[in-house]
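J.: This is target.txt, which holds compact mmCIF, C-alpha atoms and all ligand atoms:
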```txt
# COMPACT_ATOMS: atom_id res chain seq x y z
CA MET A 1 51.85 63.43 100.33
CA ARG A 2 50.78 65.49 103.30
CA ARG A 3 50.20 62.35 105.35
CA HIS A 4 53.67 61.13 104.45
CA LEU A 5 55.11 64.41 105.62
CA CYS A 6 53.27 64.13 108.93
CA LEU A 7 54.51 60.58 109.40
CA TYR A 8 58.03 61.68 108.57
CA LEU A 9 57.87 64.54 111.09
CA ALA A 10 56.42 62.27 113.77
CA LEU A 11 59.24 59.78 113.19
CA LEU A 12 61.82 62.54 113.30
CA THR A 13 60.39 63.75 116.61
CA LEU A 14 60.67 60.26 118.05
CA LEU A 15 64.25 59.87 116.86
CA CYS A 16 65.61 63.20 118.07
CA PRO A 17 63.09 64.85 120.40
CA ILE A 18 65.68 66.96 122.23
CA SER A 19 67.19 68.44 119.08
CA LEU A 20 63.82 69.57 117.85
CA ARG A 21 63.07 71.22 121.20
CA ALA A 22 66.49 72.87 121.35
CA ASP A 23 65.93 74.23 117.86
CA ALA A 24 63.19 76.40 119.32
CA PHE A 25 65.85 78.46 121.10
CA GLU A 26 68.50 80.83 119.80
CA PRO A 27 71.60 78.85 118.79
CA PRO A 28 74.88 79.49 120.65
CA ILE A 29 76.70 82.63 119.57
CA ARG A 30 80.36 82.29 118.60
CA ALA A 31 80.94 85.71 117.03
CA GLY A 32 79.31 89.03 116.22
CA SER A 33 78.79 90.87 112.97
CA THR A 34 81.74 91.00 110.58
CA ASP A 35 80.59 94.36 109.22
CA THR A 36 82.63 96.51 111.57
CA PRO A 37 86.02 96.06 113.32
CA ARG A 38 84.50 95.41 116.73
CA ILE A 39 85.66 92.55 118.95
CA ALA A 40 84.92 91.30 122.48
CA LEU A 41 87.45 90.12 125.05
CA THR A 42 85.97 87.60 127.48
CA PHE A 43 87.36 86.24 130.74
CA ASP A 44 86.07 83.06 132.38
CA ASP A 45 86.08 81.46 135.82
CA GLY A 46 86.68 84.46 138.09
CA PRO A 47 86.58 86.50 140.11
CA HIS A 48 90.12 85.75 141.30
CA PRO A 49 91.58 87.68 144.26
CA LYS A 50 94.65 88.85 142.27
CA LYS A 51 94.39 88.06 138.57
CA THR A 52 91.05 89.74 138.01
CA ASP A 53 92.45 93.00 139.39
CA ALA A 54 95.63 92.64 137.31
CA ILE A 55 93.50 92.22 134.18
CA LEU A 56 91.24 95.11 135.17
CA ASP A 57 94.35 97.30 135.55
CA VAL A 58 95.38 96.60 131.93
CA LEU A 59 91.86 97.13 130.59
CA GLU A 60 91.56 100.37 132.51
CA GLU A 61 94.93 101.62 131.22
CA TYR A 62 93.68 101.32 127.63
CA GLY A 63 90.06 102.29 128.26
CA VAL A 64 88.86 98.87 127.12
CA ARG A 65 85.69 97.15 128.28
CA ALA A 66 85.29 93.38 128.37
CA THR A 67 82.91 90.66 129.52
CA PHE A 68 83.55 88.46 132.56
CA PHE A 69 81.79 85.09 132.79
CA VAL A 70 81.97 84.49 136.52
CA ILE A 71 81.46 81.43 138.69
CA GLY A 72 78.87 81.99 141.43
CA GLU A 73 80.99 80.31 144.09
CA ASN A 74 83.92 82.65 143.34
CA VAL A 75 81.61 85.65 143.41
CA GLY A 76 80.92 84.84 147.06
CA TYR A 77 84.59 84.32 147.89
CA TYR A 78 85.97 87.38 146.08
CA PRO A 79 83.31 90.06 145.77
CA ALA A 80 85.68 93.06 145.57
CA PRO A 81 87.13 92.45 142.07
CA LEU A 82 83.63 91.74 140.76
CA ARG A 83 82.31 95.01 142.14
CA ARG A 84 85.30 96.81 140.65
CA ALA A 85 84.65 95.25 137.23
CA VAL A 86 81.03 96.36 137.38
CA ALA A 87 82.01 99.88 138.46
CA LEU A 88 84.40 100.11 135.50
CA GLY A 89 81.57 99.31 133.08
CA HIS A 90 82.49 95.74 132.21
CA GLU A 91 79.75 93.27 131.40
CA ILE A 92 79.12 90.24 133.59
CA GLY A 93 77.90 86.85 132.41
CA ASN A 94 76.78 83.68 134.20
CA HIS A 95 79.20 80.71 134.15
CA THR A 96 77.26 78.48 136.59
CA PHE A 97 77.64 78.34 140.36
CA SER A 98 80.25 75.63 140.77
CA HIS A 99 81.67 74.99 137.28
CA GLY A 100 80.73 71.32 137.47
CA ARG A 101 80.96 68.92 134.53
CA THR A 102 78.16 70.43 132.48
CA ALA A 103 77.87 67.41 130.22
CA ARG A 104 76.87 65.29 133.22
CA LEU A 105 74.16 67.62 134.51
CA ASN A 106 70.53 67.05 133.70
CA ALA A 107 68.26 69.99 132.95
CA LYS A 108 67.13 70.39 136.56
CA GLU A 109 70.69 70.37 137.91
CA LEU A 110 71.86 72.84 135.27
CA GLU A 111 68.96 75.17 136.00
CA GLU A 112 69.90 75.06 139.69
CA GLU A 113 73.52 75.92 138.80
CA ILE A 114 72.43 78.90 136.71
CA ARG A 115 69.93 80.16 139.28
CA ARG A 116 72.39 79.90 142.19
CA ALA A 117 74.94 81.93 140.21
CA GLU A 118 72.17 84.45 139.44
CA SER A 119 71.45 84.85 143.15
CA ALA A 120 75.13 85.31 143.98
CA LEU A 121 75.50 88.04 141.35
CA GLU A 122 72.37 89.78 142.51
CA SER A 123 73.23 89.76 146.20
CA VAL A 124 76.94 90.60 145.87
CA ALA A 125 76.93 93.19 143.10
CA SER A 126 73.26 93.85 142.20
CA VAL A 127 74.01 92.46 138.76
CA THR A 128 71.50 90.76 136.49
CA THR A 129 72.64 89.16 133.27
CA LYS A 130 71.12 87.19 130.43
CA LEU A 131 74.42 85.94 129.03
CA PHE A 132 75.39 82.35 129.81
CA ARG A 133 78.61 80.56 128.98
CA PRO A 134 78.60 76.84 129.70
CA PRO A 135 81.74 75.51 131.44
CA GLU A 136 84.20 74.03 128.93
CA GLY A 137 81.99 75.28 126.13
CA VAL A 138 79.74 72.23 126.42
CA CYS A 139 76.80 73.05 124.25
CA SER A 140 74.42 70.12 124.35
CA ASP A 141 70.71 70.35 123.62
CA THR A 142 70.15 70.33 127.39
CA VAL A 143 72.33 73.44 127.74
CA VAL A 144 70.68 75.32 124.87
CA GLU A 145 67.19 74.41 126.02
CA THR A 146 67.70 75.06 129.74
CA ALA A 147 69.51 78.37 129.25
CA GLY A 148 66.98 79.41 126.62
CA LYS A 149 64.01 78.69 128.87
CA LEU A 150 65.57 80.91 131.54
CA GLY A 151 65.93 83.70 128.98
CA TYR A 152 69.69 83.41 128.49
CA ARG A 153 71.72 83.69 125.31
CA VAL A 154 74.45 81.07 125.13
CA ILE A 155 77.79 82.71 124.35
CA LEU A 156 80.79 80.73 123.09
CA TRP A 157 83.85 82.11 121.25
CA ASN A 158 85.74 81.82 117.97
CA VAL A 159 89.25 82.55 119.28
CA ASP A 160 90.52 80.30 122.10
CA THR A 161 93.83 81.48 123.55
CA ARG A 162 94.21 78.40 125.80
CA ASP A 163 95.81 80.73 128.33
CA TRP A 164 94.67 78.45 131.18
CA ASP A 165 96.91 75.75 129.74
CA LYS A 166 100.00 77.86 130.47
CA ALA A 167 100.40 78.94 126.86
CA SER A 168 103.39 81.28 126.62
CA THR A 169 102.88 85.00 126.16
CA GLU A 170 104.14 84.60 122.60
CA ASP A 171 101.69 81.76 121.89
CA ILE A 172 98.72 83.72 123.24
CA VAL A 173 99.66 86.77 121.20
CA LYS A 174 100.14 84.64 118.08
CA CYS A 175 96.81 82.88 118.63
CA VAL A 176 94.94 86.17 118.84
CA ARG A 177 96.82 87.70 115.91
CA ASN A 178 96.06 84.70 113.70
CA GLY A 179 92.44 84.34 114.73
CA VAL A 180 91.12 87.85 115.20
CA ARG A 181 88.71 89.32 112.68
CA ASN A 182 85.71 91.61 112.77
CA GLY A 183 83.18 90.26 115.27
CA SER A 184 85.59 87.97 117.14
CA ILE A 185 84.79 86.78 120.64
CA ILE A 186 88.11 85.95 122.28
CA LEU A 187 88.38 83.54 125.21
CA PHE A 188 90.73 84.20 128.14
CA HIS A 189 90.57 83.17 131.80
CA ASP A 190 91.00 85.31 134.90
CA TYR A 191 90.97 82.37 137.32
CA THR A 192 93.69 79.83 136.54
CA ALA A 193 96.46 77.86 138.16
CA PRO A 194 99.62 79.90 138.80
CA GLY A 195 102.05 80.40 135.94
CA THR A 196 99.77 81.65 133.18
CA HIS A 197 100.60 84.59 130.93
CA THR A 198 97.24 86.23 130.31
CA VAL A 199 98.17 89.65 131.70
CA ALA A 200 101.50 89.88 129.85
CA ALA A 201 99.80 88.89 126.60
CA LEU A 202 97.02 91.47 127.05
CA LYS A 203 99.62 94.21 127.50
CA ARG A 204 100.91 93.42 124.01
CA ILE A 205 97.70 92.52 122.21
CA ILE A 206 95.47 95.41 123.24
CA PRO A 207 97.65 98.31 122.03
CA GLU A 208 98.44 96.44 118.80
CA LEU A 209 94.79 95.83 118.00
CA ILE A 210 93.82 99.39 118.91
CA ALA A 211 96.50 100.65 116.51
CA GLU A 212 94.95 98.46 113.80
CA GLY A 213 91.54 100.06 114.31
CA TYR A 214 89.76 97.42 116.37
CA GLU A 215 87.22 98.61 118.89
CA PHE A 216 86.74 96.58 122.07
CA VAL A 217 83.12 96.16 123.12
CA THR A 218 81.10 93.97 125.48
CA VAL A 219 79.47 90.80 124.20
CA SER A 220 76.01 92.40 124.33
CA GLU A 221 77.23 95.34 122.29
CA LEU A 222 78.92 93.01 119.80
CA CYS A 223 75.92 90.76 119.35
CA GLY A 224 73.20 93.38 119.52
ZN ZN B 301 85.13 77.95 132.75
```
Mind turning this structure into structure tokens?
Ligand SMILES: [Zn+2]

T.:
Amino acid sequence: MRRHLCLYLALLTLLCPISLRADAFEPPIRAGSTDTPRIALTFDDGPHPKKTDAILDVLEEYGVRATFFVIGENVGYYPAPLRRAVALGHEIGNHTFSHGRTARLNAKELEEEIRRAESALESVASVTTKLFRPPEGVCSDTVVETAGKLGYRVILWNVDTRDWDKASTEDIVKCVRNGVRNGSIILFHDYTAPGTHTVAALKRIIPELIAEGYEFVTVSELCG
């Protein structure tokens, strides 16, 4: 019986070696605890020379902290909004250096992307982070394993506003209203093509959710 089990495990290892290795690392996180009404707003792809500041203005007005998953390349181009976000107490996460097609990167290339973004954050804003969000939410075994080996937690989301896709203010608000629950991680973007409605939607959503008793926290606070 025991020998059969060993044979079975050996066969399984041959058939899906990467999955078994990836299983050794913490699985991607899509939400926090549902025990308390705490939620996390997250913003990807910045910093942006104007939109990041516009978002920071709204967050500051309501005393809300959020998490920004920044692109290393943009950190070098637009350091000021990043430094402002850090000074306001927002959390910063790693979103690779160049936002390439993650699914096409091998482990070595992905590690290089993560490390280059790390260096940019360190040199521009003295920030270190152990939160990683893969571009486009690609969460292959290579991503889980590579990020895990570097000590990162992979952070996804469970509410996707699709604000980058020029969703209307009304659609973004509706998406959040329908999807939000205790522990939600909500995905927005602070670097997009012109014509998006992220800021207008935040101005409506944040006071409404505060009135309902939700507390806005960073991803690390939400996920312990
Ligand atoms: Zn992105």

J.: Around ligand ZN 301 (chain B), which protein and nucleic acid residues have at least one atom no more than 9 Å from it, if we count all atoms listed in the file? List them as a JSON list (two decimals) with C-alpha atoms, in the frame of the given file.

T.:
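The new file result.json reads:
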```json
[["chain", "number", "residue", "atom", "x", "y", "z"],
["A", 43, "PHE", "CA", 87.36, 86.24, 130.74],
["A", 44, "ASP", "CA", 86.07, 83.06, 132.38],
["A", 45, "ASP", "CA", 86.08, 81.46, 135.82],
["A", 46, "GLY", "CA", 86.68, 84.46, 138.09],
["A", 69, "PHE", "CA", 81.79, 85.09, 132.79],
["A", 70, "VAL", "CA", 81.97, 84.49, 136.52],
["A", 71, "ILE", "CA", 81.46, 81.43, 138.69],
["A", 95, "HIS", "CA", 79.20, 80.71, 134.15],
["A", 96, "THR", "CA", 77.26, 78.48, 136.59],
["A", 99, "HIS", "CA", 81.67, 74.99, 137.28],
["A", 133, "ARG", "CA", 78.61, 80.56, 128.98],
["A", 134, "PRO", "CA", 78.60, 76.84, 129.70],
["A", 135, "PRO", "CA", 81.74, 75.51, 131.44],
["A", 136, "GLU", "CA", 84.20, 74.03, 128.93],
["A", 137, "GLY", "CA", 81.99, 75.28, 126.13],
["A", 189, "HIS", "CA", 90.57, 83.17, 131.80],
["A", 191, "TYR", "CA", 90.97, 82.37, 137.32]]
```

J.: Residues within 6 Å of Gly183 in chain A, please, as a compact mmCIF listing (two decimals) with C-alpha atoms, keeping the file's coordinate frame. Count all atoms listed in the file; anything in the same chain fewer than 6 positions from it doesn't count.

T.:
```txt
# COMPACT_ATOMS: atom_id res chain seq x y z
CA ALA A 31 80.94 85.71 117.03
CA GLY A 32 79.31 89.03 116.22
CA SER A 33 78.79 90.87 112.97
CA THR A 34 81.74 91.00 110.58
CA ARG A 38 84.50 95.41 116.73
CA ILE A 39 85.66 92.55 118.95
```

J.: Between CA of Glu170 in chain A and CA of Ile29 in chain A, what is the distance in Å, rounded to a tenth?

T.: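 The value is 27.7 Å.
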
J.: The residues within 12 Å of (84.4, 93.2, 114.5), using only C-alpha atoms and the coordinates of the file, should be reported as a ChimeraX atom specification; which are they?

T.: /A:31-41,158,179-186,209,212-219,221-223

J.: Contacts of range 80-93 of chain A at 10 Å or less, counting all atoms listed in the file, minus same-chain residues fewer than 4 places along, as a PyMOL selection string?

T.: chain A and resi 42-44+46-56+59-60+63-71+74-76+117-118+121+124-133+152-155+217-221

J.: Show which residues sit within 10 Å of Leu150 in chain A, as a PyMOL selection string. Count all atoms listed in the file, and ignore same-chain residues fewer than 2 positions away.

T.: chain A and resi 111+114-115+130+145-148+152-153

J.: Which residue out of A:Thr102, A:Thr192, A:Thr142, A:Ser123 has the minimum interatomic distance to Lys166 in chain A when all atoms listed in the file are used?

T.: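 Among A:Thr102, A:Thr192, A:Thr142, A:Ser123, it is A:Thr192 that comes nearest to Lys166 in chain A.
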
J.: From the set A:Val144, A:Arg116, A:Leu156, A:Tyr62, which residue has the shortest atom-to-atom contact distance to Ile210 in chain A, counting only C-alpha atoms?

T.: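 Among A:Val144, A:Arg116, A:Leu156, A:Tyr62, it is A:Tyr62 that comes nearest to Ile210 in chain A.
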
J.: Give the answer as one residue: which of A:Ser119, A:Ile172, A:Gly72, A:Val143 has the shortest atom-to-atom distance to Leu105 in chain A, using only C-alpha atoms?

T.: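 Ranking A:Ser119, A:Ile172, A:Gly72, A:Val143 by distance to Leu105 in chain A, first place goes to A:Val143.
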
J.: CA of Val173 in chain A and CA of Phe188 in chain A are how many Å apart?

T.: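 We find that CA of Val173 in chain A and CA of Phe188 in chain A lie 11.6 Å from each other.
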
J.: How far is it from CA of Lys203 in chain A to CA of Val58 in chain A, in Å with one decimal?

T.: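 That distance, rounded to one decimal, is 6.6 Å.
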
J.: Using all atoms listed in the file, find the one residue out of A:Trp157, A:Lys149, A:Phe97, A:Leu110 that sits nearest to Pro28 in chain A.

T.: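 Using all atoms listed in the file, Pro28 in chain A sits closest to A:Trp157.
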
J.: What's around Thr196 in chain A at 7 Å? Count only C-alpha atoms, leave out sequence neighbours fewer than 5 positions away in its own chain, and write the answer as a list in words.

T.: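 These residues fall inside the cut-off: Asp163, Trp164, Lys166 and Ala167 of chain A.
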
J.: Could you check which of A:Ser98, A:Val159, A:Ser168, A:Ala120 is closest to Gly195 in chain A, using all atoms listed in the file?

T.: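 For Gly195 in chain A, the nearest of the candidates is A:Ser168.
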
J.: Could you rebuild range 149-167 of chain A with N, CA and C atoms and give it back as an mmCIF file, in the frame of the given file?

T.:
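New file selection27.cif:
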```cif
data_model
loop_
_atom_site.group_PDB
_atom_site.id
_atom_site.type_symbol
_atom_site.label_atom_id
_atom_site.label_comp_id
_atom_site.auth_asym_id
_atom_site.auth_seq_id
_atom_site.Cartn_x
_atom_site.Cartn_y
_atom_site.Cartn_z
ATOM 1 N N LYS A 149 65.247 78.578 128.092
ATOM 2 C CA LYS A 149 64.010 78.690 128.870
ATOM 3 C C LYS A 149 64.134 79.747 129.959
ATOM 4 N N LEU A 150 65.344 79.912 130.485
ATOM 5 C CA LEU A 150 65.570 80.910 131.540
ATOM 6 C C LEU A 150 65.837 82.298 130.952
ATOM 7 N N GLY A 151 65.785 82.396 129.627
ATOM 8 C CA GLY A 151 65.930 83.700 128.980
ATOM 9 C C GLY A 151 67.371 84.080 128.653
ATOM 10 N N TYR A 152 68.274 83.115 128.739
ATOM 11 C CA TYR A 152 69.690 83.410 128.490
ATOM 12 C C TYR A 152 70.062 83.195 127.022
ATOM 13 N N ARG A 153 71.059 83.962 126.589
ATOM 14 C CA ARG A 153 71.720 83.690 125.310
ATOM 15 C C ARG A 153 72.992 82.924 125.629
ATOM 16 N N VAL A 154 73.253 81.881 124.890
ATOM 17 C CA VAL A 154 74.450 81.070 125.130
ATOM 18 C C VAL A 154 75.611 81.646 124.296
ATOM 19 N N ILE A 155 76.671 82.029 125.010
ATOM 20 C CA ILE A 155 77.790 82.710 124.350
ATOM 21 C C ILE A 155 79.032 81.814 124.361
ATOM 22 N N LEU A 156 79.536 81.484 123.200
ATOM 23 C CA LEU A 156 80.790 80.730 123.090
ATOM 24 C C LEU A 156 81.880 81.686 122.602
ATOM 25 N N TRP A 157 82.739 81.280 121.718
ATOM 26 C CA TRP A 157 83.850 82.110 121.250
ATOM 27 C C TRP A 157 84.316 81.580 119.904
ATOM 28 N N ASN A 158 85.107 82.361 119.180
ATOM 29 C CA ASN A 158 85.740 81.820 117.970
ATOM 30 C C ASN A 158 87.258 81.997 117.985
ATOM 31 N N VAL A 159 87.792 82.534 119.089
ATOM 32 C CA VAL A 159 89.250 82.550 119.280
ATOM 33 C C VAL A 159 89.531 82.044 120.695
ATOM 34 N N ASP A 160 90.222 80.918 120.792
ATOM 35 C CA ASP A 160 90.520 80.300 122.100
ATOM 36 C C ASP A 160 92.020 80.406 122.355
ATOM 37 N N THR A 161 92.393 81.254 123.309
ATOM 38 C CA THR A 161 93.830 81.480 123.550
ATOM 39 C C THR A 161 94.487 80.342 124.325
ATOM 40 N N ARG A 162 93.692 79.478 124.937
ATOM 41 C CA ARG A 162 94.210 78.400 125.800
ATOM 42 C C ARG A 162 95.204 78.936 126.840
ATOM 43 N N ASP A 163 94.928 80.123 127.322
ATOM 44 C CA ASP A 163 95.810 80.730 128.330
ATOM 45 C C ASP A 163 95.845 79.926 129.623
ATOM 46 N N TRP A 164 94.735 79.251 129.964
ATOM 47 C CA TRP A 164 94.670 78.450 131.180
ATOM 48 C C TRP A 164 95.671 77.298 131.150
ATOM 49 N N ASP A 165 96.044 76.900 129.931
ATOM 50 C CA ASP A 165 96.910 75.750 129.740
ATOM 51 C C ASP A 165 98.390 76.150 129.756
ATOM 52 N N LYS A 166 98.642 77.320 130.349
ATOM 53 C CA LYS A 166 100.000 77.860 130.470
ATOM 54 C C LYS A 166 100.653 78.121 129.101
ATOM 55 N N ALA A 167 99.836 78.508 128.139
ATOM 56 C CA ALA A 167 100.400 78.940 126.860
ATOM 57 C C ALA A 167 101.342 80.101 127.143
#
```
